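> Input run-v8.cif, format and content: mmCIF, C-alpha atoms.
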```cif
data_run
loop_
_atom_site.group_PDB
_atom_site.id
_atom_site.type_symbol
_atom_site.label_atom_id
_atom_site.label_comp_id
_atom_site.auth_asym_id
_atom_site.auth_seq_id
_atom_site.Cartn_x
_atom_site.Cartn_y
_atom_site.Cartn_z
ATOM 1 C CA MET A 1 -33.299 60.496 32.931
ATOM 2 C CA ASN A 2 -36.367 59.310 30.996
ATOM 3 C CA LYS A 3 -36.404 55.480 31.075
ATOM 4 C CA GLY A 4 -37.159 55.164 27.378
ATOM 5 C CA ILE A 5 -34.203 57.371 26.440
ATOM 6 C CA LEU A 6 -31.938 55.457 28.835
ATOM 7 C CA TYR A 7 -32.961 52.130 27.288
ATOM 8 C CA ILE A 8 -32.360 53.348 23.717
ATOM 9 C CA LEU A 9 -28.916 54.704 24.649
ATOM 10 C CA LEU A 10 -27.996 51.399 26.321
ATOM 11 C CA SER A 11 -29.281 49.548 23.256
ATOM 12 C CA GLY A 12 -26.967 51.638 21.097
ATOM 13 C CA LEU A 13 -24.040 50.791 23.375
ATOM 14 C CA CYS A 14 -24.811 47.073 23.090
ATOM 15 C CA PHE A 15 -24.942 47.291 19.297
ATOM 16 C CA MET A 16 -21.631 49.158 19.374
ATOM 17 C CA PHE A 17 -20.015 46.396 21.442
ATOM 18 C CA VAL A 18 -21.238 43.911 18.834
ATOM 19 C CA ASN A 19 -19.755 46.026 16.033
ATOM 20 C CA ILE A 20 -16.435 46.387 17.872
ATOM 21 C CA PHE A 21 -15.991 42.653 18.362
ATOM 22 C CA VAL A 22 -17.114 41.857 14.822
ATOM 23 C CA LYS A 23 -14.396 44.204 13.590
ATOM 24 C CA VAL A 24 -11.867 42.666 15.994
ATOM 25 C CA LEU A 25 -12.546 39.161 14.662
ATOM 26 C CA SER A 26 -12.695 40.192 11.006
ATOM 27 C CA LEU A 27 -9.384 42.087 11.211
ATOM 28 C CA GLY A 28 -7.599 39.494 13.319
ATOM 29 C CA PRO A 29 -4.046 40.230 14.544
ATOM 30 C CA ALA A 30 -3.775 43.174 12.110
ATOM 31 C CA GLN A 31 -5.728 45.389 14.531
ATOM 32 C CA SER A 32 -4.386 46.797 17.767
ATOM 33 C CA ILE A 33 -6.801 45.622 20.486
ATOM 34 C CA PHE A 34 -5.910 41.920 20.668
ATOM 35 C CA THR A 35 -2.792 40.796 18.823
ATOM 36 C CA ASP A 36 -3.429 37.108 19.559
ATOM 37 C CA ILE A 37 -6.887 36.865 17.929
ATOM 38 C CA GLN A 38 -7.298 34.826 14.772
ATOM 39 C CA LYS A 39 -8.806 36.420 11.686
ATOM 40 C CA TYR A 40 -12.327 35.078 11.088
ATOM 41 C CA PRO A 41 -14.284 35.000 7.825
ATOM 42 C CA ILE A 42 -17.502 37.024 7.985
ATOM 43 C CA PRO A 43 -19.825 34.039 7.266
ATOM 44 C CA GLU A 44 -18.437 32.261 10.332
ATOM 45 C CA ILE A 45 -19.102 35.284 12.569
ATOM 46 C CA VAL A 46 -22.667 35.459 11.229
ATOM 47 C CA LEU A 47 -23.040 31.699 11.802
ATOM 48 C CA PHE A 48 -22.038 31.825 15.476
ATOM 49 C CA ARG A 49 -24.182 34.915 16.043
ATOM 50 C CA SER A 50 -27.140 33.108 14.436
ATOM 51 C CA ILE A 51 -26.702 29.925 16.474
ATOM 52 C CA ILE A 52 -26.785 31.875 19.739
ATOM 53 C CA SER A 53 -29.821 33.861 18.594
ATOM 54 C CA PHE A 54 -31.612 30.674 17.496
ATOM 55 C CA VAL A 55 -31.024 28.888 20.815
ATOM 56 C CA MET A 56 -32.223 31.854 22.883
ATOM 57 C CA SER A 57 -35.267 32.418 20.654
ATOM 58 C CA TYR A 58 -36.165 28.705 20.483
ATOM 59 C CA ILE A 59 -36.208 28.421 24.288
ATOM 60 C CA ILE A 60 -38.616 31.382 24.528
ATOM 61 C CA ILE A 61 -40.883 30.003 21.780
ATOM 62 C CA LYS A 62 -41.076 26.597 23.454
ATOM 63 C CA LYS A 63 -41.834 28.129 26.850
ATOM 64 C CA ARG A 64 -44.674 30.156 25.349
ATOM 65 C CA GLY A 65 -46.032 27.233 23.338
ATOM 66 C CA LEU A 66 -45.831 29.118 20.043
ATOM 67 C CA PRO A 67 -45.552 27.456 16.607
ATOM 68 C CA ILE A 68 -41.888 27.564 15.614
ATOM 69 C CA PHE A 69 -42.598 28.348 11.946
ATOM 70 C CA GLY A 70 -45.128 31.065 12.748
ATOM 71 C CA VAL A 71 -48.237 31.924 10.724
ATOM 72 C CA ASN A 72 -47.350 34.275 7.861
ATOM 73 C CA LYS A 73 -44.607 32.036 6.512
ATOM 74 C CA LYS A 74 -44.123 33.890 3.220
ATOM 75 C CA TRP A 75 -43.268 37.227 4.811
ATOM 76 C CA LEU A 76 -41.408 35.602 7.691
ATOM 77 C CA LEU A 77 -39.174 33.901 5.129
ATOM 78 C CA ILE A 78 -38.671 37.193 3.252
ATOM 79 C CA ARG A 79 -37.738 38.822 6.557
ATOM 80 C CA GLY A 80 -35.226 36.052 7.233
ATOM 81 C CA ILE A 81 -33.640 36.198 3.765
ATOM 82 C CA PHE A 82 -33.252 39.970 3.566
ATOM 83 C CA GLY A 83 -32.252 40.213 7.227
ATOM 84 C CA THR A 84 -29.461 37.733 6.527
ATOM 85 C CA ILE A 85 -28.300 39.695 3.470
ATOM 86 C CA ALA A 86 -28.416 42.984 5.394
ATOM 87 C CA LEU A 87 -26.448 41.743 8.412
ATOM 88 C CA THR A 88 -23.845 39.831 6.409
ATOM 89 C CA THR A 89 -23.202 42.783 4.098
ATOM 90 C CA PHE A 90 -23.022 45.150 7.079
ATOM 91 C CA PHE A 91 -20.407 42.932 8.749
ATOM 92 C CA TYR A 92 -18.365 43.030 5.530
ATOM 93 C CA THR A 93 -18.518 46.847 5.542
ATOM 94 C CA LEU A 94 -17.321 46.861 9.162
ATOM 95 C CA ASP A 95 -14.320 44.868 7.951
ATOM 96 C CA HIS A 96 -13.499 47.214 5.042
ATOM 97 C CA LEU A 97 -14.642 50.681 6.187
ATOM 98 C CA PRO A 98 -13.982 52.825 9.264
ATOM 99 C CA ILE A 99 -16.507 51.781 11.889
ATOM 100 C CA ALA A 100 -18.049 55.295 11.997
ATOM 101 C CA VAL A 101 -18.703 55.262 8.256
ATOM 102 C CA ALA A 102 -20.063 51.685 8.158
ATOM 103 C CA THR A 103 -22.400 52.379 11.089
ATOM 104 C CA THR A 104 -23.703 55.658 9.674
ATOM 105 C CA VAL A 105 -24.355 54.314 6.167
ATOM 106 C CA GLN A 106 -26.358 51.489 7.761
ATOM 107 C CA TYR A 107 -28.601 54.168 9.299
ATOM 108 C CA LEU A 108 -29.954 54.807 5.805
ATOM 109 C CA SER A 109 -32.200 51.769 6.297
ATOM 110 C CA PRO A 110 -35.155 53.834 7.669
ATOM 111 C CA LEU A 111 -35.157 55.867 4.450
ATOM 112 C CA PHE A 112 -35.313 52.744 2.296
ATOM 113 C CA THR A 113 -37.965 51.353 4.637
ATOM 114 C CA VAL A 114 -40.148 54.363 3.790
ATOM 115 C CA VAL A 115 -39.491 54.155 0.033
ATOM 116 C CA ILE A 116 -40.257 50.417 -0.083
ATOM 117 C CA ALA A 117 -43.362 50.962 2.071
ATOM 118 C CA ILE A 118 -44.737 53.245 -0.668
ATOM 119 C CA PHE A 119 -45.098 50.155 -2.876
ATOM 120 C CA LEU A 120 -45.728 47.417 -0.287
ATOM 121 C CA LEU A 121 -47.846 49.237 2.288
ATOM 122 C CA LYS A 122 -49.175 52.130 0.174
ATOM 123 C CA GLU A 123 -47.591 54.612 2.587
ATOM 124 C CA THR A 124 -47.708 58.268 1.566
ATOM 125 C CA VAL A 125 -44.628 60.481 1.709
ATOM 126 C CA LYS A 126 -44.701 64.239 2.321
ATOM 127 C CA PRO A 127 -42.672 66.358 -0.155
ATOM 128 C CA ILE A 128 -40.347 67.564 2.612
ATOM 129 C CA GLN A 129 -39.365 63.943 3.307
ATOM 130 C CA TRP A 130 -37.879 63.734 -0.199
ATOM 131 C CA LEU A 131 -35.744 66.750 0.722
ATOM 132 C CA PHE A 132 -34.399 64.837 3.707
ATOM 133 C CA PHE A 133 -33.762 61.808 1.468
ATOM 134 C CA GLY A 134 -31.703 64.078 -0.774
ATOM 135 C CA ILE A 135 -29.701 65.450 2.170
ATOM 136 C CA ALA A 136 -28.886 61.931 3.364
ATOM 137 C CA PHE A 137 -27.728 60.774 -0.072
ATOM 138 C CA LEU A 138 -25.677 63.935 -0.503
ATOM 139 C CA GLY A 139 -23.932 62.740 2.667
ATOM 140 C CA VAL A 140 -23.277 59.333 1.104
ATOM 141 C CA PHE A 141 -21.876 61.001 -2.017
ATOM 142 C CA THR A 142 -19.622 63.222 0.125
ATOM 143 C CA ILE A 143 -18.246 60.202 1.974
ATOM 144 C CA GLY A 144 -17.781 58.308 -1.288
ATOM 145 C CA ILE A 145 -15.666 61.011 -2.916
ATOM 146 C CA SER A 146 -13.799 62.060 0.261
ATOM 147 C CA LYS A 147 -10.741 59.980 -0.680
ATOM 148 C CA PHE A 148 -10.431 61.893 -3.951
ATOM 149 C CA ILE A 149 -10.793 65.432 -2.585
ATOM 150 C CA GLU A 150 -8.645 65.170 0.527
ATOM 151 C CA LYS A 151 -5.551 63.005 0.512
ATOM 152 C CA SER A 152 -3.487 62.906 3.665
ATOM 153 C CA ASP A 153 -1.206 60.379 5.288
ATOM 154 C CA GLY A 154 -2.698 58.880 8.412
ATOM 155 C CA LEU A 155 -6.332 59.180 7.294
ATOM 156 C CA ALA A 156 -8.374 56.021 6.820
ATOM 157 C CA VAL A 157 -9.044 55.199 3.178
ATOM 158 C CA ILE A 158 -12.750 54.996 2.355
ATOM 159 C CA ASN A 159 -13.403 52.731 -0.609
ATOM 160 C CA PRO A 160 -16.550 53.993 -2.392
ATOM 161 C CA TRP A 161 -17.392 50.448 -3.521
ATOM 162 C CA TRP A 162 -17.764 49.380 0.105
ATOM 163 C CA VAL A 163 -19.888 52.468 0.757
ATOM 164 C CA LEU A 164 -22.096 51.192 -2.075
ATOM 165 C CA ALA A 165 -22.182 47.779 -0.386
ATOM 166 C CA GLY A 166 -23.317 49.535 2.795
ATOM 167 C CA ILE A 167 -26.186 51.076 0.844
ATOM 168 C CA GLY A 168 -27.090 47.565 -0.360
ATOM 169 C CA SER A 169 -27.172 46.435 3.274
ATOM 170 C CA ALA A 170 -29.484 49.338 4.163
ATOM 171 C CA VAL A 171 -31.813 48.502 1.238
ATOM 172 C CA SER A 172 -32.003 44.858 2.374
ATOM 173 C CA ALA A 173 -32.734 45.998 5.926
ATOM 174 C CA GLY A 174 -35.521 48.195 4.545
ATOM 175 C CA VAL A 175 -37.128 45.159 2.888
ATOM 176 C CA ALA A 176 -36.751 43.172 6.133
ATOM 177 C CA TYR A 177 -38.405 45.937 8.184
ATOM 178 C CA ASN A 178 -41.366 46.065 5.808
ATOM 179 C CA ALA A 179 -41.688 42.281 6.046
ATOM 180 C CA ILE A 180 -41.836 42.662 9.834
ATOM 181 C CA VAL A 181 -44.737 45.105 9.432
ATOM 182 C CA LYS A 182 -46.489 42.564 7.192
ATOM 183 C CA CYS A 183 -46.196 39.995 10.020
ATOM 184 C CA LYS A 184 -47.175 42.335 12.830
ATOM 185 C CA ALA A 185 -50.829 41.277 12.929
ATOM 186 C CA THR A 186 -50.190 37.541 12.544
ATOM 187 C CA ASP A 187 -47.001 36.626 14.414
ATOM 188 C CA GLN A 188 -45.335 37.206 17.753
ATOM 189 C CA PRO A 189 -42.092 39.246 17.749
ATOM 190 C CA ILE A 190 -40.062 36.214 18.817
ATOM 191 C CA ASN A 191 -41.298 34.257 15.766
ATOM 192 C CA ILE A 192 -40.141 37.122 13.573
ATOM 193 C CA VAL A 193 -36.749 37.167 15.297
ATOM 194 C CA ILE A 194 -36.097 33.434 14.945
ATOM 195 C CA TYR A 195 -36.548 33.425 11.163
ATOM 196 C CA PHE A 196 -33.263 35.283 10.763
ATOM 197 C CA PRO A 197 -31.126 32.484 12.277
ATOM 198 C CA MET A 198 -33.278 29.782 10.632
ATOM 199 C CA VAL A 199 -32.335 31.235 7.246
ATOM 200 C CA ALA A 200 -28.798 32.292 8.120
ATOM 201 C CA ILE A 201 -27.570 29.069 9.751
ATOM 202 C CA PRO A 202 -27.861 26.759 6.689
ATOM 203 C CA ILE A 203 -26.531 29.413 4.288
ATOM 204 C CA MET A 204 -23.560 30.359 6.471
ATOM 205 C CA SER A 205 -22.820 26.695 7.215
ATOM 206 C CA VAL A 206 -22.344 26.074 3.485
ATOM 207 C CA LEU A 207 -20.128 29.158 3.125
ATOM 208 C CA CYS A 208 -18.089 28.159 6.192
ATOM 209 C CA PHE A 209 -17.427 24.752 4.628
ATOM 210 C CA PHE A 210 -14.875 26.423 2.354
ATOM 211 C CA GLU A 211 -13.191 28.423 5.112
ATOM 212 C CA PHE A 212 -13.552 27.707 8.821
ATOM 213 C CA VAL A 213 -11.442 28.887 11.752
ATOM 214 C CA LEU A 214 -11.708 26.819 14.939
ATOM 215 C CA PRO A 215 -12.144 29.231 17.876
ATOM 216 C CA ILE A 216 -9.622 29.007 20.702
ATOM 217 C CA GLY A 217 -9.422 30.550 24.150
ATOM 218 C CA LYS A 218 -10.949 34.015 24.494
ATOM 219 C CA GLU A 219 -12.354 33.828 20.961
ATOM 220 C CA TRP A 220 -15.220 31.645 22.236
ATOM 221 C CA PHE A 221 -16.044 34.416 24.725
ATOM 222 C CA ILE A 222 -15.966 37.107 22.020
ATOM 223 C CA LEU A 223 -18.316 35.092 19.798
ATOM 224 C CA LEU A 224 -20.641 34.629 22.782
ATOM 225 C CA ILE A 225 -20.593 38.396 23.436
ATOM 226 C CA ILE A 226 -21.595 39.096 19.829
ATOM 227 C CA GLY A 227 -24.627 36.809 20.078
ATOM 228 C CA VAL A 228 -25.759 37.734 23.581
ATOM 229 C CA PHE A 229 -25.245 41.494 23.228
ATOM 230 C CA THR A 230 -27.270 41.462 20.021
ATOM 231 C CA GLN A 231 -30.190 39.972 21.975
ATOM 232 C CA PHE A 232 -29.719 42.521 24.788
ATOM 233 C CA ALA A 233 -29.677 45.359 22.253
ATOM 234 C CA GLN A 234 -32.940 44.204 20.685
ATOM 235 C CA LEU A 235 -34.564 43.729 24.108
ATOM 236 C CA LEU A 236 -33.508 47.196 25.305
ATOM 237 C CA MET A 237 -34.781 48.793 22.109
ATOM 238 C CA THR A 238 -38.143 47.041 22.562
ATOM 239 C CA LYS A 239 -38.346 48.240 26.171
ATOM 240 C CA ALA A 240 -37.514 51.787 25.053
ATOM 241 C CA LEU A 241 -40.394 51.767 22.576
ATOM 242 C CA HIS A 242 -42.729 50.415 25.252
ATOM 243 C CA GLU A 243 -41.700 53.056 27.809
ATOM 244 C CA GLU A 244 -41.932 56.109 25.573
ATOM 245 C CA ALA A 245 -43.338 57.320 22.249
ATOM 246 C CA THR A 246 -41.298 56.278 19.229
ATOM 247 C CA ALA A 247 -40.789 59.892 18.134
ATOM 248 C CA THR A 248 -39.227 60.674 21.527
ATOM 249 C CA VAL A 249 -36.687 57.862 21.707
ATOM 250 C CA THR A 250 -35.814 57.190 18.054
ATOM 251 C CA PRO A 251 -33.554 60.272 17.618
ATOM 252 C CA PHE A 252 -31.319 58.979 20.416
ATOM 253 C CA LYS A 253 -30.715 55.779 18.425
ATOM 254 C CA TYR A 254 -28.424 57.743 16.137
ATOM 255 C CA PHE A 255 -26.008 58.448 18.983
ATOM 256 C CA GLY A 256 -24.498 55.201 17.716
ATOM 257 C CA SER A 257 -22.629 57.210 15.090
ATOM 258 C CA ILE A 258 -21.071 59.355 17.804
ATOM 259 C CA TYR A 259 -20.015 56.234 19.703
ATOM 260 C CA ALA A 260 -18.553 54.859 16.479
ATOM 261 C CA VAL A 261 -16.466 57.959 15.748
ATOM 262 C CA PHE A 262 -14.672 57.736 19.102
ATOM 263 C CA VAL A 263 -14.375 53.946 18.999
ATOM 264 C CA GLY A 264 -12.821 54.162 15.544
ATOM 265 C CA MET A 265 -10.273 56.758 16.652
ATOM 266 C CA PHE A 266 -9.248 55.327 20.015
ATOM 267 C CA LEU A 267 -9.538 51.563 19.453
ATOM 268 C CA PHE A 268 -8.772 51.133 15.769
ATOM 269 C CA GLY A 269 -6.779 54.259 14.953
ATOM 270 C CA GLU A 270 -9.293 55.236 12.250
ATOM 271 C CA PHE A 271 -8.977 58.959 11.552
ATOM 272 C CA ILE A 272 -11.230 60.105 8.749
ATOM 273 C CA SER A 273 -11.220 63.295 6.684
ATOM 274 C CA ILE A 274 -13.290 66.402 7.364
ATOM 275 C CA TYR A 275 -15.338 65.551 4.267
ATOM 276 C CA ALA A 276 -16.221 62.151 5.726
ATOM 277 C CA TYR A 277 -17.386 63.894 8.909
ATOM 278 C CA ILE A 278 -19.491 66.266 6.816
ATOM 279 C CA GLY A 279 -20.995 63.249 5.027
ATOM 280 C CA ILE A 280 -21.816 61.547 8.338
ATOM 281 C CA THR A 281 -23.504 64.748 9.565
ATOM 282 C CA LEU A 282 -25.563 65.049 6.375
ATOM 283 C CA ILE A 283 -26.700 61.408 6.568
ATOM 284 C CA LEU A 284 -27.754 61.742 10.201
ATOM 285 C CA SER A 285 -29.530 65.048 9.470
ATOM 286 C CA GLY A 286 -31.451 63.501 6.579
ATOM 287 C CA VAL A 287 -32.396 60.334 8.448
ATOM 288 C CA LEU A 288 -33.335 62.165 11.642
ATOM 289 C CA GLY A 289 -35.341 64.813 9.769
ATOM 290 C CA ASN A 290 -37.251 62.146 7.858
ATOM 291 C CA THR A 291 -37.906 60.190 11.065
ATOM 292 C CA LEU A 292 -39.312 63.223 12.874
ATOM 293 C CA MET A 293 -41.508 64.223 9.912
ATOM 294 C CA ARG A 294 -42.803 60.666 9.573
ATOM 295 C CA LYS A 295 -43.740 60.474 13.251
ATOM 296 C CA ARG A 296 -45.314 63.931 13.118
ATOM 297 C CA LYS A 297 -47.411 62.905 10.107
ATOM 298 C CA ARG A 298 -48.679 59.826 11.946
ATOM 299 C CA ARG A 299 -49.440 61.818 15.097
ATOM 300 C CA VAL A 300 -51.456 64.408 13.141
ATOM 301 C CA SER A 301 -53.361 61.822 11.087
ATOM 302 C CA SER A 302 -54.302 59.900 14.237
ATOM 303 C CA THR A 303 -56.261 62.911 15.519
ATOM 304 C CA PHE A 304 -58.785 62.818 12.664
#
```
Could you quickly redo this structure as structure tokens?

Amino acid sequence: MNKGILYILLSGLCFMFVNIFVKVLSLGPAQSIFTDIQKYPIPEIVLFRSIISFVMSYIIIKKRGLPIFGVNKKWLLIRGIFGTIALTTFFYTLDHLPIAVATTVQYLSPLFTVVIAIFLLKETVKPIQWLFFGIAFLGVFTIGISKFIEKSDGLAVINPWWVLAGIGSAVSAGVAYNAIVKCKATDQPINIVIYFPMVAIPIMSVLCFFEFVLPIGKEWFILLIIGVFTQFAQLLMTKALHEEATATVTPFKYFGSIYAVFVGMFLFGEFISIYAYIGITLILSGVLGNTLMRKRKRRVSSTF
């Protein structure tokens, strides 16, 4: 198998492990994997994840002799703020939505990245890309109304308000991605990465002051997995993009939705309606179509 494709698939698996354990901790003993796990507030999960990320990133920065606060501080700070909003909101959607739905709605972030780039980076958008935007948002609408058009015992309830929150997470991620582009010429990737925990740690520490659960036993290990696997996922994705052209490997990123469907069914007993599956398919079709058109546009323009 192509190394780049292998790396992107492994990255998706690592992200899925993170999502699984976030859901395990946020649901607590109510879910069926571990009945002896305490229920954790989302800010605390984000806090532990951020501490691990900060320590790992800080060690790398010190070894390389880089300035900890980077160069383009304005856009690094924007990246940190909106990255924190995006991740925290996404973790909340994992708590309140089936994992397949929460994961797929988060994949809208590339679309918002493009739309925001029109204003920040003066990026042009081909008319057909707007068609793909429409297909993706038709998918969101289908998921949002699925609870009203198909009611059946045993199916997971999809609250449209949490779907809307997932869209908010994707918008915030789109801002964060554009901020990363703004820092590309001035700062090292590790400096960009560390700004997320530098913003998240103080904010989540304040929120945890009102509700904190002291980890016990295996819970320390689960929190460690969330932090470490996030770093592995980011590293594998970087290696994938170094091994192969972005247009080749990016489509395989969206296998995460397929992982999530089976994880939701077999680990969390989340069975969703046919309309929710149709919505997921429409979102992935819209996002994937837009991604391929965007890469094709760049490839063509680079030849002139």
> Which one is closest to Ile45 in chain A: A:Val206, A:Leu131, A:Leu282, A:Ile226? Count all atoms listed in the file.
A:Ile226
> One decimal, in Å: what's the spacing between CA of Tyr7 in chain A and CA of Gly227 in chain A?
18.9 Å
> Env of Pro110 in chain A: 12 Å cut, atoms = all atoms listed in the file, seq-sep filter 4 positions within chain, self excluded. Answer as a ChimeraX atom specification.
/A:104-106,114-117,129,132-133,136,167,169-178,250-251,253-254,283-284,286-292,294
> May I have the residues from that selection written out with C-alpha atoms, as a short mmCIF file (atom, residue, chain, number, x, y, z; two decimals), in the coordinates of the input?

```cif
data_model
loop_
_atom_site.label_atom_id
_atom_site.label_comp_id
_atom_site.auth_asym_id
_atom_site.auth_seq_id
_atom_site.Cartn_x
_atom_site.Cartn_y
_atom_site.Cartn_z
CA THR A 104 -23.70 55.66 9.67
CA VAL A 105 -24.36 54.31 6.17
CA GLN A 106 -26.36 51.49 7.76
CA VAL A 114 -40.15 54.36 3.79
CA VAL A 115 -39.49 54.16 0.03
CA ILE A 116 -40.26 50.42 -0.08
CA ALA A 117 -43.36 50.96 2.07
CA GLN A 129 -39.36 63.94 3.31
CA PHE A 132 -34.40 64.84 3.71
CA PHE A 133 -33.76 61.81 1.47
CA ALA A 136 -28.89 61.93 3.36
CA ILE A 167 -26.19 51.08 0.84
CA SER A 169 -27.17 46.44 3.27
CA ALA A 170 -29.48 49.34 4.16
CA VAL A 171 -31.81 48.50 1.24
CA SER A 172 -32.00 44.86 2.37
CA ALA A 173 -32.73 46.00 5.93
CA GLY A 174 -35.52 48.20 4.54
CA VAL A 175 -37.13 45.16 2.89
CA ALA A 176 -36.75 43.17 6.13
CA TYR A 177 -38.40 45.94 8.18
CA ASN A 178 -41.37 46.06 5.81
CA THR A 250 -35.81 57.19 18.05
CA PRO A 251 -33.55 60.27 17.62
CA LYS A 253 -30.72 55.78 18.42
CA TYR A 254 -28.42 57.74 16.14
CA ILE A 283 -26.70 61.41 6.57
CA LEU A 284 -27.75 61.74 10.20
CA GLY A 286 -31.45 63.50 6.58
CA VAL A 287 -32.40 60.33 8.45
CA LEU A 288 -33.34 62.16 11.64
CA GLY A 289 -35.34 64.81 9.77
CA ASN A 290 -37.25 62.15 7.86
CA THR A 291 -37.91 60.19 11.06
CA LEU A 292 -39.31 63.22 12.87
CA ARG A 294 -42.80 60.67 9.57
#
```
> Using only C-alpha atoms, find the one residue out of A:Leu66, A:Gly168, A:Ile78, A:Phe252 that sits nearest to Ser109 in chain A.
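With only C-alpha atoms as the atom set, the closest residue is A:Gly168.
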> For the file shown, report as a list of chain:residue names the outcome of the PyMOL selection byres ((chain A and resi 214) around 10) at residue level.
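This file gives the following for the PyMOL selection byres ((chain A and resi 214) around 10): A:Gln38, A:Tyr40, A:Glu44, A:Phe212, A:Val213, A:Pro215, A:Ile216, A:Glu219, A:Trp220.
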> What separation in Å, quoted to one decimal, exists between CA of Asn191 in chain A and CA of Leu6 in chain A?
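Pair CA of Asn191 in chain A / CA of Leu6 in chain A returns 26.6 Å.
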> When distances are computed from all atoms listed in the file, which of A:Gly83, A:Pro29, A:Gly65, A:Pro197 shows the smallest separation from Ile180 in chain A?
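Selected residue with least distance to Ile180 in chain A: A:Gly83.
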> Once the PyMOL selection byres ((chain A and resi 93) around 12) has been evaluated on this model, what residues remain selected, and can you format them as number ranges by chain?
A: 19, 22-23, 26-27, 42, 86-92, 94-106, 158-170
> Could those residues be written to a file, using C-alpha atoms, as a tab-separated table (two decimals), keeping the file's coordinate frame?

```tsv
chain	number	residue	atom	x	y	z
A	19	ASN	CA	-19.76	46.03	16.03
A	22	VAL	CA	-17.11	41.86	14.82
A	23	LYS	CA	-14.40	44.20	13.59
A	26	SER	CA	-12.70	40.19	11.01
A	27	LEU	CA	-9.38	42.09	11.21
A	42	ILE	CA	-17.50	37.02	7.98
A	86	ALA	CA	-28.42	42.98	5.39
A	87	LEU	CA	-26.45	41.74	8.41
A	88	THR	CA	-23.84	39.83	6.41
A	89	THR	CA	-23.20	42.78	4.10
A	90	PHE	CA	-23.02	45.15	7.08
A	91	PHE	CA	-20.41	42.93	8.75
A	92	TYR	CA	-18.36	43.03	5.53
A	94	LEU	CA	-17.32	46.86	9.16
A	95	ASP	CA	-14.32	44.87	7.95
A	96	HIS	CA	-13.50	47.21	5.04
A	97	LEU	CA	-14.64	50.68	6.19
A	98	PRO	CA	-13.98	52.82	9.26
A	99	ILE	CA	-16.51	51.78	11.89
A	100	ALA	CA	-18.05	55.30	12.00
A	101	VAL	CA	-18.70	55.26	8.26
A	102	ALA	CA	-20.06	51.68	8.16
A	103	THR	CA	-22.40	52.38	11.09
A	104	THR	CA	-23.70	55.66	9.67
A	105	VAL	CA	-24.36	54.31	6.17
A	106	GLN	CA	-26.36	51.49	7.76
A	158	ILE	CA	-12.75	55.00	2.36
A	159	ASN	CA	-13.40	52.73	-0.61
A	160	PRO	CA	-16.55	53.99	-2.39
A	161	TRP	CA	-17.39	50.45	-3.52
A	162	TRP	CA	-17.76	49.38	0.10
A	163	VAL	CA	-19.89	52.47	0.76
A	164	LEU	CA	-22.10	51.19	-2.08
A	165	ALA	CA	-22.18	47.78	-0.39
A	166	GLY	CA	-23.32	49.54	2.80
A	167	ILE	CA	-26.19	51.08	0.84
A	168	GLY	CA	-27.09	47.56	-0.36
A	169	SER	CA	-27.17	46.44	3.27
A	170	ALA	CA	-29.48	49.34	4.16
```
> Give me, please, the distance in Å between CA of Lys62 in chain A and CA of Gln231 in chain A, quoted to one decimal.
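Computing the Euclidean distance for CA of Lys62 in chain A and CA of Gln231 in chain A yields 17.3 Å.
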> Go through A:Phe112, A:Phe268, A:Phe196, A:Phe262 one by one, measure the shortest atom-to-atom distance of each to Trp130 in chain A using all atoms listed in the file, and give the residue with the smallest value.
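Ranking A:Phe112, A:Phe268, A:Phe196, A:Phe262 by distance to Trp130 in chain A, first place goes to A:Phe112.
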> Step by step, work through what the PyMOL selection byres ((chain A and resi 270-272) around 9) selects in the shown file, and finish by giving those residues as a PyMOL selection string.
chain A and resi 98-101+154-158+261+263-269+273-277
> Tell me which residues come within 10 Å of (-31.4, 50.2, 21.9), as a short mmCIF file (atom, residue, chain, number, x, y, z; two decimals) with C-alpha atoms, in the coordinates of the input, counting all atoms listed in the file in the file's coordinates.

```
data_model
loop_
_atom_site.label_atom_id
_atom_site.label_comp_id
_atom_site.auth_asym_id
_atom_site.auth_seq_id
_atom_site.Cartn_x
_atom_site.Cartn_y
_atom_site.Cartn_z
CA GLY A 4 -37.16 55.16 27.38
CA ILE A 5 -34.20 57.37 26.44
CA LEU A 6 -31.94 55.46 28.84
CA TYR A 7 -32.96 52.13 27.29
CA ILE A 8 -32.36 53.35 23.72
CA LEU A 9 -28.92 54.70 24.65
CA LEU A 10 -28.00 51.40 26.32
CA SER A 11 -29.28 49.55 23.26
CA GLY A 12 -26.97 51.64 21.10
CA LEU A 13 -24.04 50.79 23.38
CA CYS A 14 -24.81 47.07 23.09
CA PHE A 15 -24.94 47.29 19.30
CA THR A 230 -27.27 41.46 20.02
CA PHE A 232 -29.72 42.52 24.79
CA ALA A 233 -29.68 45.36 22.25
CA GLN A 234 -32.94 44.20 20.68
CA LEU A 235 -34.56 43.73 24.11
CA LEU A 236 -33.51 47.20 25.30
CA MET A 237 -34.78 48.79 22.11
CA THR A 238 -38.14 47.04 22.56
CA LYS A 239 -38.35 48.24 26.17
CA ALA A 240 -37.51 51.79 25.05
CA LEU A 241 -40.39 51.77 22.58
CA VAL A 249 -36.69 57.86 21.71
CA THR A 250 -35.81 57.19 18.05
CA PHE A 252 -31.32 58.98 20.42
CA LYS A 253 -30.72 55.78 18.42
CA TYR A 254 -28.42 57.74 16.14
CA GLY A 256 -24.50 55.20 17.72
#
```
